[in-house]
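**Q** As input, take run.cif (mmCIF, C-alpha atoms and all ligand atoms):
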data_structure
#
loop_
_atom_site.label_atom_id
_atom_site.label_comp_id
_atom_site.auth_asym_id
_atom_site.auth_seq_id
_atom_site.Cartn_x
_atom_site.Cartn_y
_atom_site.Cartn_z
CA MET A 1 -18.95 12.86 -17.51
CA LEU A 2 -19.48 12.52 -13.79
CA LYS A 3 -17.96 14.76 -11.19
CA ALA A 4 -18.21 14.69 -7.40
CA TYR A 5 -19.04 17.70 -5.26
CA GLN A 6 -18.77 17.48 -1.51
CA TYR A 7 -20.28 19.84 1.07
CA ARG A 8 -20.32 20.10 4.84
CA LEU A 9 -23.73 19.59 6.41
CA TYR A 10 -25.04 21.26 9.55
CA PRO A 11 -27.86 19.00 10.73
CA SER A 12 -29.97 20.00 13.75
CA ASN A 13 -29.81 17.71 16.79
CA VAL A 14 -32.96 15.92 15.70
CA GLN A 15 -31.65 15.52 12.16
CA GLU A 16 -28.32 14.27 13.44
CA ARG A 17 -30.09 11.57 15.47
CA LYS A 18 -32.02 10.52 12.39
CA LEU A 19 -28.84 10.42 10.30
CA GLU A 20 -27.21 8.22 12.94
CA ALA A 21 -30.27 5.96 13.14
CA THR A 22 -30.25 5.52 9.36
CA ARG A 23 -26.54 4.79 9.36
CA GLU A 24 -27.03 2.14 12.05
CA THR A 25 -29.98 0.57 10.21
CA CYS A 26 -27.86 0.42 7.06
CA ARG A 27 -24.93 -1.06 8.92
CA ARG A 28 -27.06 -3.90 10.32
CA TRP A 29 -28.63 -4.48 6.93
CA TYR A 30 -25.17 -4.64 5.38
CA ASN A 31 -24.03 -7.20 7.96
CA ASP A 32 -27.24 -9.23 7.44
CA LEU A 33 -26.64 -9.37 3.71
CA LEU A 34 -23.03 -10.30 4.17
CA SER A 35 -23.88 -13.12 6.61
CA GLU A 36 -26.51 -14.38 4.19
CA ARG A 37 -23.96 -14.63 1.39
CA LYS A 38 -21.39 -16.21 3.66
CA THR A 39 -23.72 -18.83 5.13
CA ALA A 40 -25.08 -19.79 1.71
CA TYR A 41 -21.57 -20.29 0.47
CA GLU A 42 -20.27 -22.21 3.49
CA GLU A 43 -23.30 -24.47 3.95
CA ARG A 44 -24.43 -25.07 0.41
CA GLY A 45 -21.61 -23.75 -1.79
CA ALA A 46 -24.21 -21.39 -3.24
CA THR A 47 -23.67 -17.86 -4.47
CA ILE A 48 -26.24 -15.22 -3.67
CA GLY A 49 -26.00 -12.32 -6.06
CA LYS A 50 -26.95 -8.68 -6.04
CA TYR A 51 -30.34 -9.11 -7.70
CA ALA A 52 -31.48 -11.81 -5.30
CA GLN A 53 -30.60 -9.51 -2.42
CA LEU A 54 -32.25 -6.48 -4.02
CA ARG A 55 -35.47 -8.48 -4.09
CA ARG A 56 -35.26 -8.83 -0.29
CA VAL A 57 -35.51 -5.07 0.32
CA LYS A 58 -39.30 -5.06 0.32
CA ASP A 59 -39.58 -7.89 2.87
CA HIS A 60 -36.91 -6.32 5.02
CA LYS A 61 -38.88 -3.07 5.16
CA ALA A 62 -42.02 -4.98 6.13
CA ALA A 63 -40.25 -6.97 8.83
CA SER A 64 -38.13 -4.31 10.54
CA PRO A 65 -39.56 -1.18 12.18
CA TRP A 66 -36.15 0.45 11.70
CA ALA A 67 -35.94 -0.30 8.00
CA LYS A 68 -39.56 0.71 7.52
CA VAL A 69 -38.73 4.41 7.93
CA VAL A 70 -35.70 4.28 5.62
CA HIS A 71 -36.16 5.09 1.92
CA SER A 72 -36.00 1.89 -0.15
CA HIS A 73 -33.30 3.36 -2.40
CA VAL A 74 -31.05 3.70 0.63
CA LEU A 75 -31.47 0.00 1.42
CA GLN A 76 -30.85 -0.85 -2.24
CA VAL A 77 -27.63 1.17 -2.26
CA VAL A 78 -26.44 -0.90 0.73
CA VAL A 79 -26.96 -4.02 -1.40
CA SER A 80 -24.92 -2.45 -4.19
CA ASP A 81 -22.17 -1.38 -1.78
CA LEU A 82 -21.83 -4.92 -0.49
CA ASP A 83 -21.83 -6.23 -4.05
CA THR A 84 -19.03 -3.81 -4.92
CA ALA A 85 -17.01 -5.14 -1.99
CA PHE A 86 -17.51 -8.70 -3.30
CA GLN A 87 -16.63 -7.72 -6.86
CA ALA A 88 -13.37 -6.23 -5.62
CA PHE A 89 -12.72 -9.36 -3.59
CA PHE A 90 -13.27 -11.68 -6.58
CA ARG A 91 -11.26 -9.44 -8.90
CA ARG A 92 -8.27 -9.58 -6.59
CA LEU A 93 -8.71 -13.32 -6.12
CA LYS A 94 -8.67 -13.79 -9.88
CA ALA A 95 -5.55 -11.67 -10.15
CA GLY A 96 -3.78 -14.18 -7.90
CA GLN A 97 -3.71 -11.98 -4.81
CA THR A 98 -4.92 -13.08 -1.38
CA PRO A 99 -7.57 -10.52 -0.43
CA GLY A 100 -9.48 -10.69 2.85
CA TYR A 101 -13.07 -11.89 2.63
CA PRO A 102 -15.46 -8.90 2.97
CA ARG A 103 -15.88 -8.28 6.67
CA LEU A 104 -18.72 -7.46 9.01
CA ARG A 105 -18.72 -3.77 9.76
CA VAL A 106 -18.46 -2.56 13.31
CA PHE A 107 -20.01 0.78 14.19
CA HIS A 108 -17.12 3.08 13.33
CA ARG A 109 -16.29 1.22 10.10
CA PHE A 110 -19.58 2.05 8.44
CA ASP A 111 -19.54 5.69 7.47
CA SER A 112 -22.01 6.38 4.66
CA PHE A 113 -25.29 5.64 2.93
CA GLY A 114 -26.65 6.79 -0.38
CA PHE A 115 -29.55 7.74 -2.63
CA LYS A 116 -29.55 6.90 -6.30
CA GLU A 117 -31.94 9.32 -7.97
CA TYR A 118 -32.39 13.07 -7.65
CA GLY A 119 -35.98 13.93 -6.75
CA ASN A 120 -36.55 10.48 -5.30
CA GLY A 121 -35.48 10.65 -1.67
CA PHE A 122 -33.54 13.87 -1.89
CA LYS A 123 -33.61 17.24 -3.61
CA LEU A 124 -32.41 20.79 -3.16
CA ASP A 125 -34.90 22.98 -1.36
CA GLY A 126 -33.85 26.61 -1.32
CA ARG A 127 -30.43 26.74 0.33
CA ARG A 128 -31.10 23.43 2.06
CA LEU A 129 -30.92 19.78 1.19
CA ARG A 130 -34.19 17.93 1.70
CA VAL A 131 -33.69 14.26 2.54
CA THR A 132 -36.60 11.87 3.01
CA GLY A 133 -36.77 10.65 6.60
CA ILE A 134 -34.20 13.20 7.80
CA GLY A 135 -35.54 16.68 7.01
CA ARG A 136 -34.26 19.93 5.47
CA ILE A 137 -30.56 20.02 6.31
CA ALA A 138 -28.44 23.18 6.31
CA VAL A 139 -25.50 23.01 3.87
CA ARG A 140 -22.37 25.08 3.45
CA TRP A 141 -22.31 25.62 -0.33
CA HIS A 142 -18.67 26.58 -0.69
CA ARG A 143 -18.83 26.20 -4.45
CA GLN A 144 -21.53 26.10 -7.04
CA ILE A 145 -22.65 22.83 -8.61
CA GLU A 146 -22.36 22.83 -12.38
CA GLY A 147 -24.34 20.14 -14.13
CA ARG A 148 -27.16 17.78 -13.27
CA ILE A 149 -27.20 16.06 -9.87
CA LYS A 150 -27.57 12.28 -10.20
CA THR A 151 -26.91 10.70 -6.81
CA LEU A 152 -26.24 11.63 -3.20
CA ARG A 153 -24.17 10.02 -0.49
CA LEU A 154 -24.28 11.15 3.13
CA ILE A 155 -20.94 10.57 4.78
CA LYS A 156 -19.74 10.85 8.35
CA LYS A 157 -16.08 11.82 8.71
CA ALA A 158 -14.32 12.76 11.93
CA GLY A 159 -17.59 13.52 13.69
CA LYS A 160 -19.00 15.67 10.88
CA TRP A 161 -21.56 15.00 8.19
CA PHE A 162 -20.98 15.66 4.50
CA ALA A 163 -23.09 15.41 1.36
CA SER A 164 -21.35 14.07 -1.72
CA PHE A 165 -23.19 14.59 -5.02
CA ALA A 166 -22.35 12.83 -8.26
CA VAL A 167 -23.07 15.35 -10.98
CA GLU A 168 -23.32 14.80 -14.72
CA TYR A 169 -21.92 17.57 -16.86
CA GLU A 170 -20.78 18.36 -20.37
CA PRO A 171 -17.06 19.09 -20.39
CA THR A 172 -16.28 22.27 -22.30
CA ALA A 173 -12.93 22.40 -24.07
CA LEU A 174 -10.99 25.60 -23.48
CA PRO A 175 -9.80 27.54 -26.55
CA ALA A 176 -6.26 26.66 -27.65
CA THR A 177 -3.60 29.10 -26.53
CA GLY A 178 -0.77 27.81 -28.75
CA LYS A 179 1.51 27.72 -25.70
CA ASP A 180 3.29 24.86 -23.93
CA VAL A 181 4.98 24.94 -20.56
CA GLY A 182 7.33 23.00 -18.31
CA VAL A 183 6.90 23.28 -14.55
CA ASP A 184 9.64 22.78 -11.99
CA VAL A 185 9.01 22.23 -8.30
CA GLY A 186 11.72 24.14 -6.59
CA ILE A 187 13.42 24.89 -3.33
CA ALA A 188 13.33 28.66 -3.21
CA SER A 189 9.95 28.99 -4.88
CA LEU A 190 7.22 26.44 -5.04
CA LEU A 191 6.67 26.34 -8.80
CA THR A 192 8.71 27.83 -11.61
CA THR A 193 7.54 27.69 -15.21
CA SER A 194 9.63 27.57 -18.36
CA ASP A 195 8.37 31.11 -19.04
CA GLY A 196 10.06 32.17 -15.82
CA ASP A 197 6.92 32.71 -13.72
CA LYS A 198 7.42 31.87 -10.07
CA THR A 199 4.94 30.90 -7.38
CA PRO A 200 6.56 31.72 -4.07
CA THR A 201 6.43 29.34 -1.14
CA GLN A 202 3.37 30.37 0.81
CA GLY A 203 3.72 32.31 4.04
CA TRP A 204 0.41 31.03 5.39
CA TYR A 205 1.78 27.52 5.32
CA ARG A 206 4.53 28.33 7.79
CA ASN A 207 2.09 30.19 10.04
CA GLU A 208 -0.33 27.29 10.08
CA GLN A 209 2.55 24.90 10.78
CA ALA A 210 3.60 27.05 13.74
CA LYS A 211 0.05 26.87 15.14
CA LEU A 212 0.14 23.13 14.62
CA ARG A 213 3.27 22.78 16.74
CA VAL A 214 1.74 24.80 19.56
CA LEU A 215 -1.28 22.48 19.56
CA GLN A 216 0.91 19.39 19.43
CA ARG A 217 2.81 20.54 22.51
CA ARG A 218 -0.47 21.21 24.29
CA VAL A 219 -1.62 17.64 23.63
CA ALA A 220 1.69 16.28 24.91
CA ARG A 221 1.36 18.22 28.18
CA ARG A 222 -2.15 17.00 29.02
CA THR A 223 -2.68 13.87 31.10
CA LYS A 224 -3.61 10.80 29.14
CA GLY A 225 -7.28 9.84 29.27
CA GLY A 226 -8.29 13.25 30.65
CA LYS A 227 -11.04 15.47 29.36
CA ASN A 228 -8.64 18.32 28.61
CA ARG A 229 -6.51 16.07 26.51
CA ARG A 230 -9.51 15.05 24.45
CA LYS A 231 -10.27 18.72 23.85
CA ALA A 232 -6.68 19.43 22.86
CA VAL A 233 -6.68 16.46 20.46
CA ALA A 234 -9.87 17.76 18.83
CA LEU A 235 -8.25 21.16 18.30
CA LEU A 236 -5.18 19.51 16.84
CA GLN A 237 -7.27 17.48 14.39
CA ARG A 238 -9.10 20.61 13.31
CA GLN A 239 -5.79 22.34 12.63
CA HIS A 240 -4.61 19.39 10.51
CA GLU A 241 -7.81 19.60 8.49
CA ARG A 242 -7.47 23.35 8.13
CA ILE A 243 -3.97 23.02 6.68
CA GLU A 244 -5.12 20.23 4.40
CA ASN A 245 -8.02 22.29 3.07
CA ARG A 246 -5.94 25.39 2.48
CA ARG A 247 -3.27 23.34 0.77
CA LYS A 248 -5.78 21.68 -1.53
CA ASP A 249 -7.50 24.95 -2.30
CA PHE A 250 -4.18 26.57 -3.14
CA LEU A 251 -2.98 23.68 -5.35
CA ASN A 252 -6.32 23.59 -7.15
CA LYS A 253 -5.93 27.25 -8.05
CA GLN A 254 -2.37 26.68 -9.27
CA ALA A 255 -3.51 23.78 -11.46
CA HIS A 256 -6.39 25.87 -12.78
CA THR A 257 -4.09 28.77 -13.70
CA LEU A 258 -1.77 26.48 -15.67
CA ILE A 259 -4.63 24.77 -17.51
CA ALA A 260 -6.15 28.12 -18.47
CA GLN A 261 -2.86 29.42 -19.88
CA TYR A 262 -1.31 26.46 -21.66
CA ASP A 263 -2.29 23.75 -24.13
CA ARG A 264 0.35 21.28 -23.00
CA ILE A 265 1.98 21.01 -19.61
CA ALA A 266 5.04 18.96 -18.66
CA VAL A 267 5.78 18.18 -15.02
CA GLU A 268 8.25 15.92 -13.25
CA ASP A 269 7.24 12.34 -12.65
CA LEU A 270 7.33 11.81 -8.92
CA LYS A 271 7.25 8.05 -9.39
CA ILE A 272 10.71 8.23 -10.92
CA THR A 273 12.39 10.70 -8.61
CA ASN A 274 12.20 10.75 -4.88
CA MET A 275 11.71 14.44 -5.11
CA VAL A 276 10.61 15.15 -1.59
CA GLN A 277 13.75 13.78 0.02
CA ASN A 278 16.04 14.82 -2.78
CA ARG A 279 15.06 18.42 -2.78
CA HIS A 280 14.68 19.46 0.83
CA LEU A 281 11.01 20.12 0.42
CA ALA A 282 10.02 18.74 3.80
CA LYS A 283 8.96 22.17 5.02
CA SER A 284 7.18 23.24 1.90
CA ILE A 285 3.70 22.67 0.63
CA MET A 286 4.55 20.11 -1.96
CA ASP A 287 5.81 17.52 0.51
CA ALA A 288 2.28 16.23 0.89
CA GLY A 289 0.67 17.90 -2.08
CA TRP A 290 2.48 16.88 -5.24
CA GLY A 291 0.41 13.79 -5.98
CA TYR A 292 -2.76 15.78 -5.42
CA PHE A 293 -1.53 18.61 -7.64
CA VAL A 294 -0.67 16.31 -10.54
CA ALA A 295 -3.97 14.45 -10.16
CA ARG A 296 -5.85 17.78 -10.33
CA LEU A 297 -3.84 18.78 -13.40
CA HIS A 298 -4.80 15.54 -15.15
CA ALA A 299 -8.46 15.88 -14.18
CA LYS A 300 -8.70 19.50 -15.31
CA ALA A 301 -6.77 18.74 -18.50
CA GLU A 302 -9.27 16.04 -19.37
CA GLU A 303 -12.18 18.43 -18.92
CA ALA A 304 -10.57 21.21 -20.88
CA GLY A 305 -9.02 19.20 -23.70
CA ARG A 306 -5.45 19.91 -22.55
CA VAL A 307 -2.48 17.56 -22.33
CA VAL A 308 -0.38 16.84 -19.25
CA VAL A 309 2.72 14.66 -19.39
CA GLU A 310 5.01 13.52 -16.61
CA VAL A 311 8.66 13.35 -17.60
CA ASN A 312 11.76 11.75 -16.16
CA PRO A 313 13.28 14.45 -13.98
CA ALA A 314 16.87 13.13 -13.98
CA TYR A 315 19.36 15.95 -14.49
CA THR A 316 16.72 18.54 -15.30
CA SER A 317 18.40 20.93 -12.87
CA LYS A 318 21.94 19.98 -13.84
CA ASP A 319 21.82 20.31 -17.62
CA CYS A 320 22.02 23.57 -19.52
CA SER A 321 18.64 23.98 -21.20
CA ARG A 322 20.19 25.57 -24.29
CA CYS A 323 23.22 23.41 -25.14
CA GLY A 324 23.00 20.40 -22.83
CA TYR A 325 26.22 21.09 -20.93
CA ARG A 326 26.11 19.25 -17.60
CA PHE A 327 26.98 21.09 -14.37
CA GLU A 328 28.36 18.12 -12.46
CA ASP A 329 29.18 19.94 -9.24
CA LEU A 330 26.05 22.06 -8.90
CA THR A 331 24.89 22.15 -5.27
CA LEU A 332 21.53 23.07 -3.77
CA LYS A 333 22.94 26.43 -2.77
CA ASP A 334 23.62 27.44 -6.37
CA ARG A 335 20.60 29.51 -7.38
CA TRP A 336 21.93 30.65 -10.73
CA ILE A 337 23.68 28.91 -13.59
CA ASP A 338 26.20 30.38 -16.03
CA CYS A 339 26.94 28.01 -18.88
CA PRO A 340 30.64 28.00 -19.82
CA ARG A 341 29.86 26.46 -23.22
CA CYS A 342 27.01 28.56 -24.64
CA GLY A 343 26.91 31.49 -22.23
CA LEU A 344 23.34 30.90 -21.00
CA SER A 345 22.82 32.73 -17.72
CA LEU A 346 19.61 31.79 -15.97
CA ASP A 347 17.84 31.19 -12.68
CA ARG A 348 18.36 27.56 -11.70
CA ASP A 349 14.67 26.59 -11.42
CA HIS A 350 13.79 28.44 -14.64
CA ASN A 351 16.50 26.42 -16.40
CA ALA A 352 15.08 23.19 -14.92
CA ALA A 353 11.56 24.09 -16.08
CA ARG A 354 12.87 24.64 -19.62
CA ASN A 355 14.44 21.17 -19.54
CA ILE A 356 11.16 19.69 -18.37
CA LEU A 357 9.34 21.41 -21.23
CA LYS A 358 11.92 20.06 -23.67
CA ARG A 359 11.40 16.53 -22.40
CA GLY A 360 7.67 16.92 -22.80
CA GLY A 361 8.35 17.78 -26.44
CA GLN A 362 10.69 14.80 -26.83
CA LEU A 363 7.88 12.55 -25.67
CA ARG A 364 5.97 14.16 -28.58
CA TRP A 365 3.48 15.11 -25.94
CA GLY A 366 2.35 11.51 -25.80
CA ILE A 367 -1.28 11.84 -24.88
CA SER A 368 -1.79 11.83 -21.14
CA SER A 369 -3.03 8.52 -19.88
CA SER A 370 -6.51 9.66 -18.90
CA VAL A 371 -7.18 11.25 -22.29
CA ASP A 372 -5.77 8.14 -23.91
CA GLY A 373 -8.49 6.11 -22.20
CA LEU A 374 -11.17 8.45 -23.50
CA LEU A 375 -9.91 8.28 -27.05
CA GLN A 376 -9.86 4.50 -26.93
CA GLU A 377 -13.35 4.52 -25.61
CA ALA A 378 -14.47 6.83 -28.39
CA ALA A 379 -12.83 4.57 -30.95
CA GLY A 380 -14.68 1.62 -29.44
CA LEU A 381 -11.52 -0.18 -28.37
ZN ZN A 401 24.80 25.93 -22.40
#
Now, as a test, write the supplied structure out as structure tokens.
Ligand SMILES: [Zn+2]
**A**
Amino acid sequence: MLKAYQYRLYPSNVQERKLEATRETCRRWYNDLLSERKTAYEERGATIGKYAQLRRVKDHKAASPWAKVVHSHVLQVVVSDLDTAFQAFFRRLKAGQTPGYPRLRVFHRFDSFGFKEYGNGFKLDGRRLRVTGIGRIAVRWHRQIEGRIKTLRLIKKAGKWFASFAVEYEPTALPATGKDVGVDVGIASLLTTSDGDKTPTQGWYRNEQAKLRVLQRRVARRTKGGKNRRKAVALLQRQHERIENRRKDFLNKQAHTLIAQYDRIAVEDLKITNMVQNRHLAKSIMDAGWGYFVARLHAKAEEAGRVVVEVNPAYTSKDCSRCGYRFEDLTLKDRWIDCPRCGLSLDRDHNAARNILKRGGQLRWGISSSVDGLLQEAAGL
């Protein structure tokens, strides 16, 4: 299996200039290749494919002093990138959609270039990343790479450079725990499990939001087009990123904890409910994080041999999880339920989580879609 790891790079000024020069060379090469395909099609009705263009790399290096200093794999990856854009275009055309023809890339719309083989153009060198034509670049290794590095892509995002590695690894199934769980996303606490464990709404989130508002006001007060406004906008962007990173980090840990503890996990299907609006979550972490959280759950489940199902969330908070009695007039303020039929007395979110677990069971824990794909692959379907 392949997994992506991304790290922030800290190039020196010289290295940064070389990164930019390579990016620009690749952008022009990309536009050249695109024009070539377009002209051939418009003038002669001919199709120029990936392999014909790959054969041009050598001549291009000989003809251009800029391309000469760029590793040939980098130029080849540009050919593949363009081909991918065309494949997507033709796929959508075939599906009866009206996609836009692949477009020439202006400077800010071309943000990355890649290497396709570890040890050929790039390799790790101590704590640094050695890239042919660029140098030994400082990296912030915020987590360890597990597996064998296959490819590298250098990406520029919001003025910063990142290295993205595709890594091949052997997934290791976690030992079975014999336990299943339902997870409710709540109002008072972020997550509640059918075992009654609660993850409180995070204090840091509110603090970071407060800082965000201060920075937003600062931007609003500065004169448009001024230098101070640009500075304030940069600070604001950094704060947005900071919140995003902390949120992702936090949700990753939550997903990891669940996967480690349970064999099968049932969560609400956000595609069915409009949970965010329905449940007054605007101020909480999940308003922007639920999709990410569920995606991480699926990805981790696939690695660990676990099952994740998404269930219809209708009435999960309104039905008694023991006897099915429906509390028709339950309001958001009611934090506790007392069932008049069977006597169940339970925290509202805990009750909802138990209903979600039950629904997971009713689905017979239909294999989660990603695992389904793997099994079909294994069966040669
Ligand atoms: Zn009941």
**Q** Any chance you could tabulate, as JSON lines, the residues of chain A at most 8 Å from ligand ZN 401 (chain A) with each one's nearest atom pair and distance in Å to one decimal, using all atoms listed in the file, in chain and rising number order?
**A**
{"residue": "A:Asp319", "atom": "CA", "partner": "A:ZN401", "partner_atom": "ZN", "distance": 8.0}
{"residue": "A:Cys320", "atom": "CA", "partner": "A:ZN401", "partner_atom": "ZN", "distance": 4.6}
{"residue": "A:Ser321", "atom": "CA", "partner": "A:ZN401", "partner_atom": "ZN", "distance": 6.6}
{"residue": "A:Arg322", "atom": "CA", "partner": "A:ZN401", "partner_atom": "ZN", "distance": 5.0}
{"residue": "A:Cys323", "atom": "CA", "partner": "A:ZN401", "partner_atom": "ZN", "distance": 4.0}
{"residue": "A:Gly324", "atom": "CA", "partner": "A:ZN401", "partner_atom": "ZN", "distance": 5.8}
{"residue": "A:Tyr325", "atom": "CA", "partner": "A:ZN401", "partner_atom": "ZN", "distance": 5.3}
{"residue": "A:Asp338", "atom": "CA", "partner": "A:ZN401", "partner_atom": "ZN", "distance": 7.9}
{"residue": "A:Cys339", "atom": "CA", "partner": "A:ZN401", "partner_atom": "ZN", "distance": 4.6}
{"residue": "A:Pro340", "atom": "CA", "partner": "A:ZN401", "partner_atom": "ZN", "distance": 6.7}
{"residue": "A:Arg341", "atom": "CA", "partner": "A:ZN401", "partner_atom": "ZN", "distance": 5.2}
{"residue": "A:Cys342", "atom": "CA", "partner": "A:ZN401", "partner_atom": "ZN", "distance": 4.1}
{"residue": "A:Gly343", "atom": "CA", "partner": "A:ZN401", "partner_atom": "ZN", "distance": 5.9}
{"residue": "A:Leu344", "atom": "CA", "partner": "A:ZN401", "partner_atom": "ZN", "distance": 5.4}
**Q** What's the 6 Å shell around region 349-353 of chain A, counting all atoms listed in the file, without same-chain residues fewer than 6 positions away, as a VMD selection string?
**A** chain A and resid 182 to 184 192 to 194 196 316 to 317 321
**Q** Could you please determine the separation between CA of Lys300 (chain A) and CA of Lys253 (chain A) in Å, to one decimal place?
**A**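 About the pair CA of Lys300 (chain A) and CA of Lys253 (chain A): they are 11.0 Å apart.
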**Q** I need the residue nearest Thr47 (chain A) from this list: A:Gly178, A:Phe86, A:Ser189, A:Phe165. Use only C-alpha atoms for the distance.
**A**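 Smallest distance to Thr47 (chain A) is found for A:Phe86.
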**Q** Can you tell me which residues surround Thr201 (chain A) at a distance of at most 7 Å, considering all atoms listed in the file, apart from same-chain residues fewer than 2 positions away, and format the answer as a list of chain:residue names?
**A**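 After dropping sequence-adjacent residues, the list is A:Ser189, A:Leu190, A:Thr199, A:Gly203, A:Ser284.
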**Q** Point out the residue among A:Thr177, A:Gln53, A:Thr132, A:Gln97 with the least atom-to-atom distance to Asn120 (chain A), counting all atoms listed in the file.
**A** A:Thr132
**Q** Write out as a tab-separated table a residue-level contact list of region 50-75 of chain A versus region 134-153 of chain A with cut-off 10 Å: for each qualifying residue the closest pair of atoms and the distance in Å to one decimal, counting all atoms listed in the file, rows sorted by chain and residue number upward.
**A**
residue	atom	partner	partner_atom	distance
A:Val69	CA	A:Ile134	CA	9.9
A:Val70	CA	A:Ile134	CA	9.3
A:Val74	CA	A:Arg153	CA	9.4
**Q** Any idea what the distance is between CA of Gly159 (chain A) and CA of Arg23 (chain A)?
**A**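 Computed distance, CA of Gly159 (chain A) to CA of Arg23 (chain A), equals 13.2 Å.
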**Q** Would you pick out the contacts of Val78 (chain A) at 8 Å or less, using only C-alpha atoms, so that residues sharing its chain but fewer than 3 positions from it are not included, and give the list as a ChimeraX atom specification?
**A** /A:26,29-30,74-75,81-82,113-114
**Q** Mind pulling up the distance from CA of Arg335 (chain A) to CA of Asp347 (chain A)?
**A**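 Answer for the CA of Asp347 (chain A) to CA of Arg335 (chain A) separation: 6.2 Å.
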**Q** For Gln209 (chain A), please output as a ChimeraX atom specification all residues within 12 Å (counting all atoms listed in the file; exclusion window: fewer than 4 positions along the same chain).
**A** /A:202-205,213-216,236,239-244,246-247,282-285
**Q** Which residue is closest to Leu174 (chain A)? Choose from A:Leu33, A:Ala304, A:Ala255, A:Ala220 and count all atoms listed in the file.
**A**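 Residue with the minimum atom-to-atom distance to Leu174 (chain A): A:Ala304.
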**Q** Of the candidates A:Ala67, A:Met1, A:Ala21, A:Ile259, which shows the shortest atom-to-atom distance to Pro175 (chain A), using only C-alpha atoms?
**A** A:Ile259
**Q** Go through A:Thr98, A:Thr22, A:Ser345, A:Ser112 and flag the residue nearest Lys160 (chain A), using only C-alpha atoms for the distances.
**A**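 Of all the options, A:Ser112 lies closest to Lys160 (chain A).
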**Q** Go through A:Ala266, A:Ala166, A:Val219, A:Ile48 and flag the residue nearest Val233 (chain A), using all atoms listed in the file for the distances.
**A** A:Val219
**Q** Could you pull the residues within 12 Å of Lys38 (chain A), counting all atoms listed in the file, minus those fewer than 2 positions along the same chain, as an MDAnalysis selection string?
**A** chainID A and resid 31:36 40:49 86 101:104
**Q** Which polymer residues, protein or nucleic acid, are no farther than 12 Å from (11.3, 17.3, -25.6), counting all atoms listed in the file, as a ChimeraX atom specification?
**A** /A:180-182,264-267,309-312,316,321,353-366
**Q** Got a minute to add N, CA and C atoms to region 323-336 of chain A and dump it as a JSON list (two decimals), in the coordinates of the input?
**A**
[["chain", "number", "residue", "atom", "x", "y", "z"],
["A", 323, "CYS", "N", 22.25, 24.22, -24.40],
["A", 323, "CYS", "CA", 23.22, 23.41, -25.14],
["A", 323, "CYS", "C", 23.42, 22.02, -24.56],
["A", 324, "GLY", "N", 22.88, 21.75, -23.39],
["A", 324, "GLY", "CA", 23.00, 20.40, -22.83],
["A", 324, "GLY", "C", 24.23, 20.18, -21.97],
["A", 325, "TYR", "N", 25.04, 21.22, -21.81],
["A", 325, "TYR", "CA", 26.22, 21.09, -20.93],
["A", 325, "TYR", "C", 25.78, 20.68, -19.53],
["A", 326, "ARG", "N", 26.52, 19.73, -18.92],
["A", 326, "ARG", "CA", 26.11, 19.25, -17.60],
["A", 326, "ARG", "C", 26.96, 19.85, -16.49],
["A", 327, "PHE", "N", 26.29, 20.53, -15.53],
["A", 327, "PHE", "CA", 26.98, 21.09, -14.37],
["A", 327, "PHE", "C", 27.12, 19.99, -13.33],
["A", 328, "GLU", "N", 28.23, 19.28, -13.33],
["A", 328, "GLU", "CA", 28.36, 18.12, -12.46],
["A", 328, "GLU", "C", 28.38, 18.50, -10.98],
["A", 329, "ASP", "N", 29.00, 19.64, -10.66],
["A", 329, "ASP", "CA", 29.18, 19.94, -9.24],
["A", 329, "ASP", "C", 28.22, 21.02, -8.73],
["A", 330, "LEU", "N", 27.07, 21.11, -9.35],
["A", 330, "LEU", "CA", 26.05, 22.06, -8.90],
["A", 330, "LEU", "C", 25.51, 21.62, -7.53],
["A", 331, "THR", "N", 25.46, 22.52, -6.57],
["A", 331, "THR", "CA", 24.89, 22.15, -5.27],
["A", 331, "THR", "C", 23.56, 22.88, -5.08],
["A", 332, "LEU", "N", 22.84, 22.47, -4.02],
["A", 332, "LEU", "CA", 21.53, 23.07, -3.77],
["A", 332, "LEU", "C", 21.61, 24.57, -3.51],
["A", 333, "LYS", "N", 22.78, 25.01, -3.07],
["A", 333, "LYS", "CA", 22.94, 26.43, -2.77],
["A", 333, "LYS", "C", 23.03, 27.28, -4.03],
["A", 334, "ASP", "N", 23.46, 26.67, -5.13],
["A", 334, "ASP", "CA", 23.62, 27.44, -6.37],
["A", 334, "ASP", "C", 22.26, 27.79, -6.96],
["A", 335, "ARG", "N", 21.91, 29.08, -6.91],
["A", 335, "ARG", "CA", 20.60, 29.51, -7.38],
["A", 335, "ARG", "C", 20.62, 29.98, -8.83],
["A", 336, "TRP", "N", 21.80, 30.09, -9.39],
["A", 336, "TRP", "CA", 21.93, 30.65, -10.73],
["A", 336, "TRP", "C", 22.93, 29.81, -11.51]]
